[in-house]
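Novice: Here it is, the structure in full.
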Amino acid sequence: VWRRWGVGAALALVLVAVGVVTAWRREQVVSAEPGWVLPWVAFPLFTVVNLALGGLESPLILLVVPVSFATAILFPRARARRWVGYLLGLLGVQATVTLTGAVADLVPALFGGGPRAGHTDALLLMMLTVTVLLVVWANFIGTTLRRTFRGMVGTALDARDDALKEHEERVRSLTLLSGEIAHELKNPLASVKGLAAMIAREVEGRPAERLAVLRREVDRMQEILEGFLNFSRPLLPLNEAHVPLEGLCQQVAQLHEGMAGERGVGLRVVEGPPVEVWCDARKVRQVLIDVVQNALEAAPRGTLVELQAQTTPGGGGQVEVRDRGPGLAPEVRERVFEPGITTKPQGSGLGLALSRALMRQHGGELSLREREGGGCVAELRLPPAPQQKTAPREALTKEARP
């Protein structure tokens with residue numbers, strides 16, 4: 001009978017502990033249980049169940065050894081030592097009840113019955129001593145392994161941090177060097193371009209055509225150098241305001257009407273509900289210009305490039321630039337955002353890298369995906385405006401005006 005009452009009381013204690021933990025989580029809004037709950041639940045429950053199975057002669061008594069090892073691995077050193085104290089106290093309770101014979105029917109009838117299963121005090125004390133030594137030894141081994149693992153992880157993390165720091169310094173040096181080279185080359189190119197323009201006014205025919213080719217090549221070199229300079233400069237702080245995305249799309253479309261007409265490509269802004277985001281209009285416009293130029297260059301003659309502003313489910317905004325060009329292979333679609341990677345014969349490979357950096361500076365993203373039916377979709381995503389931004393619309397949208 002006492003076994004049933006003891007197990008019932010232990011289970012009741014478990015239910016009370018579960019209720020305490022649930023209330024603690026609800027009130028404190030924490031994800032982990034309080035550290036004191038587990039011992040106060042586990043040890044009374046184990047004590048009662050183990051006594052019900054024979055005390056020191058219970059087949060469950062040796063579970064204290066793996067528990068000691070596991071707590072030494074999982075918990076800090078001080079907490080693991082407390083668990084060793086709990087386990088030794090549990091063994092003391094089991095030994096006291098077993099050796100004193102306080103319970104006449106301690107051992108179940110299945111295991112022989114009586115206060116003990118025919119074993120002498122000497123044998124039981126020897127079993128207790130061995131179990132205590134195993135608990136202490138398991139704690140020592142577990143603590144040593146935990147310290148070793150932490151040391152290995154710490155060494156690996158330090159090595160990773162050193163490698164990242166060295167890589168960042170190398171990238172920073174190369175970026176500064178490329179920026180200085182690009183800056184130094186801009187002035188000589190401007191002089192060459194100016195001299196070519198002066199000479200072109202004095203010659204005609206074939207030499208004038210060759211000078212025109214020279215000036216176009218100088219323009220292209222200046223564009224590439226400007227891309228290097230933009231990429232090597234650190235990102236300036238954002239000048240954010242509430243900006244209507246459809247207004248930015250209209251501005252960029254008007255800027256590229258001439259380019260679209262020369263290539264025989266249509267350019268249209270898809271109308272829709274107004275979309276307003278919190279961003280730096282100048283930088284988002286720069287990203288849109290680069291993406292629209294790429295779409296116009298990729299689109300075949302007679303096709304249409306579309307710009308559409310939409311509201312995202314999270315409350316932000318996005319702009320899709322859709323074309324009917326050849327698209328990008330899946331293995332290339334993400335690599336084009338790496339500096340120096342381009343699919344254009346004369347591209348610098350910096351435009352999309354800089355554009356993605358500008359979008360991520362806003363907390364947004366720039367991505368490319370395949371368009372259904374052929375082509376490519378460039379998607380600019382911007383996060384929702386912070387709640388504390390409450391400046392008047394008239395002042396905040398001034399940056400978005402052309």
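Chain labels A, B, ... are given in the sequence in which chains occur in the structure tokens; within each chain residues are numbered consecutively from 1, and ligands are likewise numbered from 1 in the order shown.
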Run DSSP on the backbone and give me the residues of region 58-253 of chain A it puts in strand (DSSP E or B), as an NGL selection string.
Specialist: :A and (241-244)
Novice: Can you tell me which residues surround region 125-131 of chain A at a distance of at most 10 Å, considering only C-alpha atoms, apart from same-chain residues fewer than 3 positions away, and format the answer as a list in words?
Specialist: Leu56, Glu57, Ile61, Leu62, Leu63, Val64, Val65, Leu88, Leu91, Gly92, Gln94, Ala95, Leu99, Thr120, Asp121, Ala122, Leu134, Val135, Val136 and Trp137 of chain A
Novice: What would the file look like if the residues just selected were written as an mmCIF file, in the first residue's frame with C-alpha atoms?
Specialist:
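Result file follows (again-v7.cif):
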```cif
data_model
loop_
_atom_site.group_PDB
_atom_site.id
_atom_site.type_symbol
_atom_site.label_atom_id
_atom_site.label_comp_id
_atom_site.auth_asym_id
_atom_site.auth_seq_id
_atom_site.Cartn_x
_atom_site.Cartn_y
_atom_site.Cartn_z
ATOM 1 C CA LEU A 56 20.115 0.177 -2.577
ATOM 2 C CA GLU A 57 19.085 -3.094 -4.203
ATOM 3 C CA ILE A 61 20.138 2.844 -8.410
ATOM 4 C CA LEU A 62 22.929 2.884 -11.002
ATOM 5 C CA LEU A 63 21.096 5.606 -12.985
ATOM 6 C CA VAL A 64 22.807 8.152 -10.736
ATOM 7 C CA VAL A 65 26.096 7.508 -12.600
ATOM 8 C CA LEU A 88 25.027 11.759 -3.005
ATOM 9 C CA LEU A 91 22.229 7.698 -2.143
ATOM 10 C CA GLY A 92 22.397 8.535 1.558
ATOM 11 C CA GLN A 94 18.548 5.000 0.068
ATOM 12 C CA ALA A 95 21.370 3.603 2.249
ATOM 13 C CA LEU A 99 20.598 -0.589 6.155
ATOM 14 C CA THR A 120 24.752 -8.544 4.193
ATOM 15 C CA ASP A 121 25.597 -5.056 5.411
ATOM 16 C CA ALA A 122 29.160 -5.448 4.158
ATOM 17 C CA LEU A 134 31.369 6.139 -9.847
ATOM 18 C CA VAL A 135 29.228 9.264 -9.351
ATOM 19 C CA VAL A 136 32.276 11.373 -8.427
ATOM 20 C CA TRP A 137 34.368 9.876 -11.242
#
```
Novice: Report as an mmCIF file with C-alpha atoms, in the first residue's frame all protein, DNA and RNA residues lying within 10 Å of Thr71 (chain A), evaluated on only C-alpha atoms, omitting residues in the same chain fewer than 4 positions from it.
Specialist:
```cif
data_model
loop_
_atom_site.group_PDB
_atom_site.id
_atom_site.type_symbol
_atom_site.label_atom_id
_atom_site.label_comp_id
_atom_site.auth_asym_id
_atom_site.auth_seq_id
_atom_site.Cartn_x
_atom_site.Cartn_y
_atom_site.Cartn_z
ATOM 1 C CA PRO A 66 24.966 8.583 -16.126
ATOM 2 C CA VAL A 67 23.001 11.468 -14.555
ATOM 3 C CA PHE A 75 25.825 22.387 -16.900
ATOM 4 C CA PRO A 76 28.476 24.834 -15.669
ATOM 5 C CA ARG A 77 30.924 23.548 -13.092
ATOM 6 C CA ARG A 79 25.781 23.711 -11.027
ATOM 7 C CA ALA A 80 27.220 20.275 -11.869
ATOM 8 C CA ARG A 81 28.762 20.089 -8.392
ATOM 9 C CA ARG A 82 25.378 20.890 -6.841
ATOM 10 C CA TRP A 83 23.910 17.982 -8.814
ATOM 11 C CA VAL A 84 26.617 15.700 -7.417
ATOM 12 C CA ALA A 138 31.605 10.471 -13.827
ATOM 13 C CA ASN A 139 31.342 14.082 -12.703
ATOM 14 C CA GLY A 142 32.224 15.037 -17.662
ATOM 15 C CA THR A 143 33.676 18.287 -16.304
#
```
Novice: Considering only C-alpha atoms, state which residue in the set A:Arg150, A:His362, A:Arg324, A:Lys193 is at the smallest distance from Pro237 (chain A).
Specialist: A:His362
Novice: Env of Gln286 (chain A): 10 Å cut, atoms = only C-alpha atoms, seq-sep filter 3 positions within chain, self excluded. Answer as a PDB file with N, CA, C and O atoms, in the first residue's frame.
Specialist:
```pdb
ATOM      1  N   VAL A 252      12.105  57.490 -62.917  1.00  0.00           N
ATOM      2  CA  VAL A 252      13.100  56.661 -63.594  1.00  0.00           C
ATOM      3  C   VAL A 252      12.633  56.319 -65.015  1.00  0.00           C
ATOM      4  O   VAL A 252      13.440  56.291 -65.961  1.00  0.00           O
ATOM      5  N   ALA A 281      15.362  58.539 -50.875  1.00  0.00           N
ATOM      6  CA  ALA A 281      14.855  58.523 -52.252  1.00  0.00           C
ATOM      7  C   ALA A 281      15.992  58.559 -53.273  1.00  0.00           C
ATOM      8  O   ALA A 281      15.918  57.910 -54.322  1.00  0.00           O
ATOM      9  N   ARG A 282      17.048  59.303 -52.984  1.00  0.00           N
ATOM     10  CA  ARG A 282      18.143  59.423 -53.947  1.00  0.00           C
ATOM     11  C   ARG A 282      18.818  58.073 -54.172  1.00  0.00           C
ATOM     12  O   ARG A 282      19.112  57.700 -55.317  1.00  0.00           O
ATOM     13  N   LYS A 283      19.042  57.317 -53.097  1.00  0.00           N
ATOM     14  CA  LYS A 283      19.736  56.038 -53.242  1.00  0.00           C
ATOM     15  C   LYS A 283      18.836  54.978 -53.876  1.00  0.00           C
ATOM     16  O   LYS A 283      19.300  54.175 -54.684  1.00  0.00           O
ATOM     17  N   ILE A 289      17.588  53.077 -61.320  1.00  0.00           N
ATOM     18  CA  ILE A 289      18.220  53.451 -62.600  1.00  0.00           C
ATOM     19  C   ILE A 289      19.109  52.322 -63.101  1.00  0.00           C
ATOM     20  O   ILE A 289      19.063  51.933 -64.278  1.00  0.00           O
ATOM     21  N   ASP A 290      19.914  51.760 -62.214  1.00  0.00           N
ATOM     22  CA  ASP A 290      20.817  50.681 -62.625  1.00  0.00           C
ATOM     23  C   ASP A 290      20.029  49.450 -63.077  1.00  0.00           C
ATOM     24  O   ASP A 290      20.364  48.825 -64.098  1.00  0.00           O
ATOM     25  N   VAL A 291      18.971  49.111 -62.345  1.00  0.00           N
ATOM     26  CA  VAL A 291      18.189  47.917 -62.684  1.00  0.00           C
ATOM     27  C   VAL A 291      17.434  48.119 -63.992  1.00  0.00           C
ATOM     28  O   VAL A 291      17.369  47.215 -64.844  1.00  0.00           O
ATOM     29  N   GLY A 351      27.837  47.368 -60.696  1.00  0.00           N
ATOM     30  CA  GLY A 351      26.541  48.028 -60.544  1.00  0.00           C
ATOM     31  C   GLY A 351      25.600  47.290 -59.614  1.00  0.00           C
ATOM     32  O   GLY A 351      25.062  47.869 -58.659  1.00  0.00           O
ATOM     33  N   LEU A 354      26.855  47.184 -55.910  1.00  0.00           N
ATOM     34  CA  LEU A 354      26.603  48.433 -55.207  1.00  0.00           C
ATOM     35  C   LEU A 354      25.106  48.601 -54.938  1.00  0.00           C
ATOM     36  O   LEU A 354      24.705  49.056 -53.859  1.00  0.00           O
ATOM     37  N   SER A 355      24.262  48.228 -55.891  1.00  0.00           N
ATOM     38  CA  SER A 355      22.816  48.375 -55.705  1.00  0.00           C
ATOM     39  C   SER A 355      22.325  47.503 -54.551  1.00  0.00           C
ATOM     40  O   SER A 355      21.514  47.943 -53.732  1.00  0.00           O
ATOM     41  N   LEU A 358      23.263  49.090 -51.289  1.00  0.00           N
ATOM     42  CA  LEU A 358      22.396  50.220 -50.944  1.00  0.00           C
ATOM     43  C   LEU A 358      21.053  49.728 -50.408  1.00  0.00           C
ATOM     44  O   LEU A 358      20.510  50.293 -49.448  1.00  0.00           O
TER      45      LEU A 358
END
```
Novice: Grab the CA of Met259 (chain A) to CA of Leu288 (chain A) distance for me, in Å with one decimal place.
Specialist: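 Taking CA of Met259 (chain A) as the start and CA of Leu288 (chain A) as the end point, the length is 14.7 Å.
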